Amino acid sequence: MSLTIRPANADDAELILRFIRDLAIYEKAEHEVQTDVAGIRDSLFGAESSSHALICERDGEAIGYAVYFFNYSTWLGKHGLYLEDLYVSPAARGSGAGKALLRHLARLAVARGCGRFEWAVLDWNTPAIEFYRAFGARAQDEWTTYRLSGQALLDFAADHD
């Protein structure tokens, strides 16, 4: 078994969308996926994109992906790497693919001088939480994530008080 990790490109848009849908099904949120292949191609690989993707292959077959971007910490005065998505096909779980993707990203963060590498996990996803804890990742329980999206985002942006 040979694992390889490569940067994704626009030709991977359909594959990435399939993985996104598979991840959404696992997270019980398939109905929230609103994009299509053109949307992935434009937003992830367009000239203005600040996001990046990786494809993990085993013996030439795509078995997982990661999407990430760089953010910034004012407290550290350094960039950070934020992992938006990590997914490995069910049949390939336990093969080391998830850990390989995370290690690849950790090495990228270190090479870029990032002060941290962060991601979010659903609180009910015990297998993922245990996996992350096994190599030293720790939850940031003191922070609560807030989100504006959909109509609430549009309304807030348009409101003039």
# chains A, B, ... in the order shown; residues from 1 in each chain; ligands from 1

$ select_by_dssp --residues "chain A" --states "strand (DSSP E)" --output "NGL selection string"
:A and (3-7 or 51-58 or 61-73 or 78-88 or 116-119)

$ select_by_dssp --residues "chain A" --states "helix (DSSP H, G or I)" --output "PyMOL selection string"
chain A and resi 10-26+30-32+37-45+90-92+97-111+126-134+150-158

$ residues_around --residues "segment 80-85 of chain A" --least-positions-apart "6" --cutoff "10 Å" --atoms "only C-alpha atoms" --output "ChimeraX atom specification"
/A:19-20,23,51-53,65-73,102,105-106,108-110,112-121

$ closest_residue --among "A:Asp161, A:Glu57, A:Glu27, A:Glu14" --to "Gly39 of chain A" --atoms "only C-alpha atoms"
A:Glu14

$ atom_distance --atom1 "atom CA of Ser149 of chain A" --atom2 "atom CA of Ile25 of chain A"
20.4 Å

$ atom_distance --atom1 "atom CA of Val37 of chain A" --atom2 "atom CA of Asp59 of chain A"
25.1 Å

$ residues_around --residues "Ile63 of chain A" --least-positions-apart "6" --cutoff "8 Å" --atoms "only C-alpha atoms" --output "PyMOL selection string"
chain A and resi 55-57+88-89+92+97

$ closest_residue --among "A:Arg41, A:Asp155, A:Asp22, A:Ala137" --to "Pro90 of chain A" --atoms "only C-alpha atoms"
A:Asp22

$ residues_around --residues "Ala38 of chain A" --least-positions-apart "5" --cutoff "10 Å" --atoms "only C-alpha atoms" --output "number ranges by chain"
A: 10, 13-14, 17, 43-44

$ write_last_selection --atoms "N, CA and C atoms" --output "PDB file, in the first residue's frame"
ATOM      1  N   ALA A  10      -7.842  22.144 -10.463  1.00  0.00           N
ATOM      2  CA  ALA A  10      -9.212  22.356 -10.946  1.00  0.00           C
ATOM      3  C   ALA A  10      -9.830  21.083 -11.517  1.00  0.00           C
ATOM      4  N   ALA A  13     -12.145  19.065  -9.120  1.00  0.00           N
ATOM      5  CA  ALA A  13     -13.351  19.690  -8.553  1.00  0.00           C
ATOM      6  C   ALA A  13     -14.485  18.682  -8.355  1.00  0.00           C
ATOM      7  N   GLU A  14     -14.726  17.823  -9.324  1.00  0.00           N
ATOM      8  CA  GLU A  14     -15.807  16.838  -9.203  1.00  0.00           C
ATOM      9  C   GLU A  14     -15.515  15.848  -8.075  1.00  0.00           C
ATOM     10  N   LEU A  17     -16.009  17.595  -4.733  1.00  0.00           N
ATOM     11  CA  LEU A  17     -17.438  17.729  -4.426  1.00  0.00           C
ATOM     12  C   LEU A  17     -18.009  16.395  -3.941  1.00  0.00           C
ATOM     13  N   SER A  43     -14.392  28.674  -6.697  1.00  0.00           N
ATOM     14  CA  SER A  43     -14.049  29.184  -5.365  1.00  0.00           C
ATOM     15  C   SER A  43     -12.737  28.627  -4.831  1.00  0.00           C
ATOM     16  N   LEU A  44     -12.408  27.418  -5.189  1.00  0.00           N
ATOM     17  CA  LEU A  44     -11.202  26.787  -4.649  1.00  0.00           C
ATOM     18  C   LEU A  44      -9.986  26.978  -5.558  1.00  0.00           C
TER      19      LEU A  44
END

$ closest_residue --among "A:Thr126, A:Leu86, A:Leu101, A:Asp159" --to "Ala24 of chain A" --atoms "only C-alpha atoms"
A:Leu86

$ residues_around --residues "Phe131 of chain A" --least-positions-apart "3" --cutoff "12 Å" --atoms "only C-alpha atoms" --output "list in words"
Arg93, Gly94, Gly96, Gly98, Lys99, Leu102, Val121, Asn125, Thr126, Pro127, Ala128, Ala134, Phe135, Gly136, Ala137 and Arg138 of chain A

$ atom_distance --atom1 "atom CA of Leu148 of chain A" --atom2 "atom CA of Gln34 of chain A"
16.1 Å
